[in-house]
Every structure is written in C-alpha cells, then in structure tokens.
file structure.pdb (PDB, C-alpha atoms)
ATOM      1  CA  MET A   1     190.753  24.875-110.872
ATOM      2  CA  LYS A   2     189.084  21.792-109.527
ATOM      3  CA  LEU A   3     190.996  18.547-109.756
ATOM      4  CA  LEU A   4     188.402  16.334-108.117
ATOM      5  CA  PRO A   5     184.752  16.220-109.099
ATOM      6  CA  THR A   6     182.147  17.188-106.547
ATOM      7  CA  ARG A   7     180.783  14.283-104.634
ATOM      8  CA  LYS A   8     177.241  13.263-105.484
ATOM      9  CA  PRO A   9     174.908  12.185-102.677
ATOM     10  CA  VAL A  10     174.338   8.464-102.534
ATOM     11  CA  ALA A  11     170.759   7.258-102.185
ATOM     12  CA  ARG A  12     170.486   4.737 -99.358
ATOM     13  CA  THR A  13     167.877   2.288-100.585
ATOM     14  CA  ALA A  14     169.317  -0.901 -99.127
ATOM     15  CA  VAL A  15     167.687  -2.186 -95.964
ATOM     16  CA  SER A  16     170.107  -2.285 -93.078
ATOM     17  CA  SER A  17     170.498  -5.416 -90.992
ATOM     18  CA  HIS A  18     170.045  -3.477 -87.732
ATOM     19  CA  ASP A  19     173.380  -4.802 -86.527
ATOM     20  CA  SER A  20     172.478  -8.481 -86.868
ATOM     21  CA  LEU A  21     176.121  -9.507 -86.860
ATOM     22  CA  GLY A  22     176.608  -7.715 -83.555
ATOM     23  CA  ARG A  23     173.557  -9.402 -82.065
ATOM     24  CA  GLY A  24     174.790 -12.817 -83.153
ATOM     25  CA  ALA A  25     178.186 -12.197 -81.616
ATOM     26  CA  GLU A  26     176.493 -10.974 -78.435
ATOM     27  CA  ILE A  27     174.504 -14.206 -78.177
ATOM     28  CA  ALA A  28     177.579 -16.347 -78.797
ATOM     29  CA  VAL A  29     179.655 -14.490 -76.210
ATOM     30  CA  SER A  30     176.915 -14.554 -73.573
ATOM     31  CA  VAL A  31     176.362 -18.302 -74.032
ATOM     32  CA  GLY A  32     180.123 -18.839 -73.783
ATOM     33  CA  VAL A  33     180.382 -16.749 -70.632
ATOM     34  CA  PHE A  34     177.494 -18.527 -68.949
ATOM     35  CA  PHE A  35     178.906 -21.877 -70.047
ATOM     36  CA  GLY A  36     182.202 -20.905 -68.393
ATOM     37  CA  ILE A  37     180.396 -19.854 -65.219
ATOM     38  CA  GLY A  38     178.557 -23.173 -65.218
ATOM     39  CA  LEU A  39     181.837 -25.034 -65.720
ATOM     40  CA  MET A  40     183.395 -23.228 -62.753
ATOM     41  CA  LEU A  41     180.356 -23.990 -60.593
ATOM     42  CA  ASP A  42     180.447 -27.645 -61.651
ATOM     43  CA  ASN A  43     184.127 -27.871 -60.748
ATOM     44  CA  ALA A  44     183.484 -26.222 -57.377
ATOM     45  CA  PHE A  45     180.507 -28.427 -56.461
ATOM     46  CA  GLU A  46     181.632 -31.543 -58.401
ATOM     47  CA  THR A  47     178.378 -31.815 -60.360
ATOM     48  CA  ARG A  48     179.860 -32.052 -63.845
ATOM     49  CA  PRO A  49     177.158 -31.315 -66.455
ATOM     50  CA  LEU A  50     174.412 -29.805 -64.293
ATOM     51  CA  PHE A  51     175.436 -26.142 -64.002
ATOM     52  CA  MET A  52     176.898 -26.003 -67.517
ATOM     53  CA  ILE A  53     173.558 -27.053 -68.991
ATOM     54  CA  VAL A  54     171.457 -24.856 -66.693
ATOM     55  CA  CYS A  55     173.578 -21.728 -67.209
ATOM     56  CA  SER A  56     173.776 -22.250 -70.980
ATOM     57  CA  LEU A  57     170.010 -22.723 -71.264
ATOM     58  CA  PHE A  58     169.448 -19.663 -69.081
ATOM     59  CA  SER A  59     171.655 -17.618 -71.415
ATOM     60  CA  VAL A  60     170.030 -18.915 -74.602
ATOM     61  CA  ILE A  61     166.493 -18.347 -73.308
ATOM     62  CA  GLY A  62     167.414 -14.872 -72.046
ATOM     63  CA  SER A  63     169.085 -13.931 -75.325
ATOM     64  CA  PHE A  64     166.158 -15.022 -77.455
ATOM     65  CA  THR A  65     163.705 -13.314 -75.125
ATOM     66  CA  ARG A  66     165.680 -10.110 -75.499
ATOM     67  CA  LEU A  67     165.712 -10.549 -79.291
ATOM     68  CA  TRP A  68     161.937 -11.014 -79.256
ATOM     69  CA  TYR A  69     161.364  -7.768 -77.344
ATOM     70  CA  VAL A  70     163.772  -5.822 -79.567
ATOM     71  CA  TYR A  71     162.071  -7.227 -82.677
ATOM     72  CA  ASP A  72     158.609  -6.438 -81.327
ATOM     73  CA  ASN A  73     159.668  -2.876 -80.498
ATOM     74  CA  ASP A  74     161.153  -2.415 -83.987
ATOM     75  CA  MET A  75     157.976  -3.727 -85.629
ATOM     76  CA  GLN A  76     155.765  -1.397 -83.579
ATOM     77  CA  PHE A  77     157.966   1.513 -84.631
ATOM     78  CA  GLN A  78     157.720   0.434 -88.285
ATOM     79  CA  GLU A  79     153.918   0.136 -88.032
ATOM     80  CA  VAL A  80     153.644   3.678 -86.681
ATOM     81  CA  LYS A  81     156.016   4.933 -89.366
ATOM     82  CA  ARG A  82     154.076   3.146 -92.133
ATOM     83  CA  ARG A  83     150.762   4.448 -90.783
ATOM     84  CA  LYS A  84     152.064   8.016 -90.806
ATOM     85  CA  LEU A  85     153.417   7.645 -94.345
ATOM     86  CA  SER A  86     150.196   6.111 -95.640
ATOM     87  CA  THR A  87     148.122   9.019 -94.347
ATOM     88  CA  SER A  88     150.598  11.801 -95.111
ATOM     89  CA  HIS A  89     149.013  12.487 -98.498
ATOM     90  CA  MET A  90     145.670  13.141 -96.781
ATOM     91  CA  ARG A  91     147.174  15.718 -94.472
ATOM     92  CA  ASP A  92     148.985  17.409 -97.355
ATOM     93  CA  SER A  93     145.830  17.581 -99.501
ATOM     94  CA  ASN A  94     143.859  19.014 -96.590
ATOM     95  CA  LEU A  95     146.451  21.736 -96.159
ATOM     96  CA  VAL A  96     146.384  22.570 -99.861
ATOM     97  CA  GLY A  97     142.564  22.633 -99.903
ATOM     98  CA  GLU A  98     142.412  24.985 -96.902
ATOM     99  CA  LYS A  99     144.571  27.655 -98.535
TER
END

call {"tool": "encode", "arguments": {"input": "structure.pdb", "output": "structure tokens"}}
result
Amino acid sequence: MKLLPTRKPVARTAVSSHDSLGRGAEIAVSVGVFFGIGLMLDNAFETRPLFMIVCSLFSVIGSFTRLWYVYDNDMQFQEVKRRKLSTSHMRDSNLVGEK
C-alpha cells in the first residue's frame, strides 16, 4: 500500500543565472578587501586617499576583466552547443538514409 504518490520528474526550462549572486558578492568582497589593504597602506605611508583609490580601482578593473573572460567563454560554449543542435537533424537523417 502506497501512502505517497510517486514523484514526477520536473522539467527544468528556466534559464539559470549561472551563479550571478555569487559573482556579485565576490566582486563586493574583493573591492572591500582591496579597499582595506589600501587603507592600511595609506595609514602606514600617510598618503590618505592614494592607495585606497588605486587598490579599489585595481580590484574593480580586475573583477570586470574576469567577468568578461568568463562571459566570453560561456558564449563560445553556447555557440558550439547551438551549432551542434542546429545540425543534429542532418546527422540523424543521414544515418536513417544510410540504413
């Protein structure tokens, strides 16, 4: 006797965010860390805003450069995937025709 119904598979049609929330938090933390490093350097060398600005800009530019390369890699993967899917019907029809 079954008390619970069998679980039906759920179709995953929604597009995932590819961990966008995690990437945003990573950028915020890295900018904060570099800002703190810049603050410590400014206190050590008594050059108040110089190292804070330089370290923060370094972190922001590095983070967005990393995002660009990750995005570009994802898009290249999607292009290859789309190309394979768009020509898959040709390969299948060739196989059927050869039999």

call {"tool": "resolve_selection", "arguments": {"input": "structure.pdb", "expression": "the PyMOL selection byres ((chain A and resi 26-40) around 12)", "output": "NGL selection string"}}
result
:A and (19-25 or 41-67)

call {"tool": "atom_distance", "arguments": {"input": "structure.pdb", "atom1": "CA of Val70 in chain A", "atom2": "CA of Ser86 in chain A"}}
result
24.2 Å

call {"tool": "atom_distance", "arguments": {"input": "structure.pdb", "atom1": "CA of Tyr69 in chain A", "atom2": "CA of Lys81 in chain A"}}
result
18.3 Å

call {"tool": "atom_distance", "arguments": {"input": "structure.pdb", "atom1": "CA of Lys84 in chain A", "atom2": "CA of Pro9 in chain A"}}
result
26.1 Å

call {"tool": "decode", "arguments": {"input": "structure.pdb", "residues": "range 52-92 of chain A", "atoms": "C-alpha atoms", "output": "PDB file, in the first residue's frame"}}
result
ATOM      1  CA  MET A  52      42.594  53.332  -1.278  1.00  0.00           C
ATOM      2  CA  ILE A  53      41.676  54.653  -4.719  1.00  0.00           C
ATOM      3  CA  VAL A  54      44.409  52.745  -6.566  1.00  0.00           C
ATOM      4  CA  CYS A  55      43.683  49.411  -4.860  1.00  0.00           C
ATOM      5  CA  SER A  56      39.914  49.791  -5.292  1.00  0.00           C
ATOM      6  CA  LEU A  57      40.270  50.618  -8.990  1.00  0.00           C
ATOM      7  CA  PHE A  58      42.662  47.699  -9.426  1.00  0.00           C
ATOM      8  CA  SER A  59      40.080  45.375  -7.864  1.00  0.00           C
ATOM      9  CA  VAL A  60      37.167  46.722  -9.907  1.00  0.00           C
ATOM     10  CA  ILE A  61      39.084  46.541 -13.194  1.00  0.00           C
ATOM     11  CA  GLY A  62      40.333  43.035 -12.379  1.00  0.00           C
ATOM     12  CA  SER A  63      36.861  41.833 -11.410  1.00  0.00           C
ATOM     13  CA  PHE A  64      35.225  43.135 -14.560  1.00  0.00           C
ATOM     14  CA  THR A  65      38.027  41.748 -16.702  1.00  0.00           C
ATOM     15  CA  ARG A  66      37.469  38.357 -15.120  1.00  0.00           C
ATOM     16  CA  LEU A  67      33.713  38.670 -15.726  1.00  0.00           C
ATOM     17  CA  TRP A  68      34.384  39.500 -19.377  1.00  0.00           C
ATOM     18  CA  TYR A  69      36.521  36.387 -19.889  1.00  0.00           C
ATOM     19  CA  VAL A  70      34.009  34.147 -18.101  1.00  0.00           C
ATOM     20  CA  TYR A  71      31.179  35.611 -20.195  1.00  0.00           C
ATOM     21  CA  ASP A  72      33.149  35.205 -23.418  1.00  0.00           C
ATOM     22  CA  ASN A  73      33.951  31.585 -22.553  1.00  0.00           C
ATOM     23  CA  ASP A  74      30.284  30.872 -21.761  1.00  0.00           C
ATOM     24  CA  MET A  75      29.159  32.433 -25.048  1.00  0.00           C
ATOM     25  CA  GLN A  76      31.674  30.394 -27.059  1.00  0.00           C
ATOM     26  CA  PHE A  77      30.396  27.253 -25.352  1.00  0.00           C
ATOM     27  CA  GLN A  78      26.793  28.235 -26.147  1.00  0.00           C
ATOM     28  CA  GLU A  79      27.691  28.907 -29.801  1.00  0.00           C
ATOM     29  CA  VAL A  80      29.239  25.453 -30.147  1.00  0.00           C
ATOM     30  CA  LYS A  81      26.245  23.890 -28.413  1.00  0.00           C
ATOM     31  CA  ARG A  82      23.775  25.768 -30.647  1.00  0.00           C
ATOM     32  CA  ARG A  83      25.744  24.837 -33.770  1.00  0.00           C
ATOM     33  CA  LYS A  84      25.667  21.160 -32.819  1.00  0.00           C
ATOM     34  CA  LEU A  85      21.933  21.286 -32.091  1.00  0.00           C
ATOM     35  CA  SER A  86      21.146  23.083 -35.340  1.00  0.00           C
ATOM     36  CA  THR A  87      22.921  20.433 -37.404  1.00  0.00           C
ATOM     37  CA  SER A  88      21.872  17.401 -35.364  1.00  0.00           C
ATOM     38  CA  HIS A  89      18.851  16.765 -37.582  1.00  0.00           C
ATOM     39  CA  MET A  90      21.154  16.493 -40.611  1.00  0.00           C
ATOM     40  CA  ARG A  91      23.287  13.856 -38.957  1.00  0.00           C
ATOM     41  CA  ASP A  92      20.217  11.908 -37.848  1.00  0.00           C
TER      42      ASP A  92
END
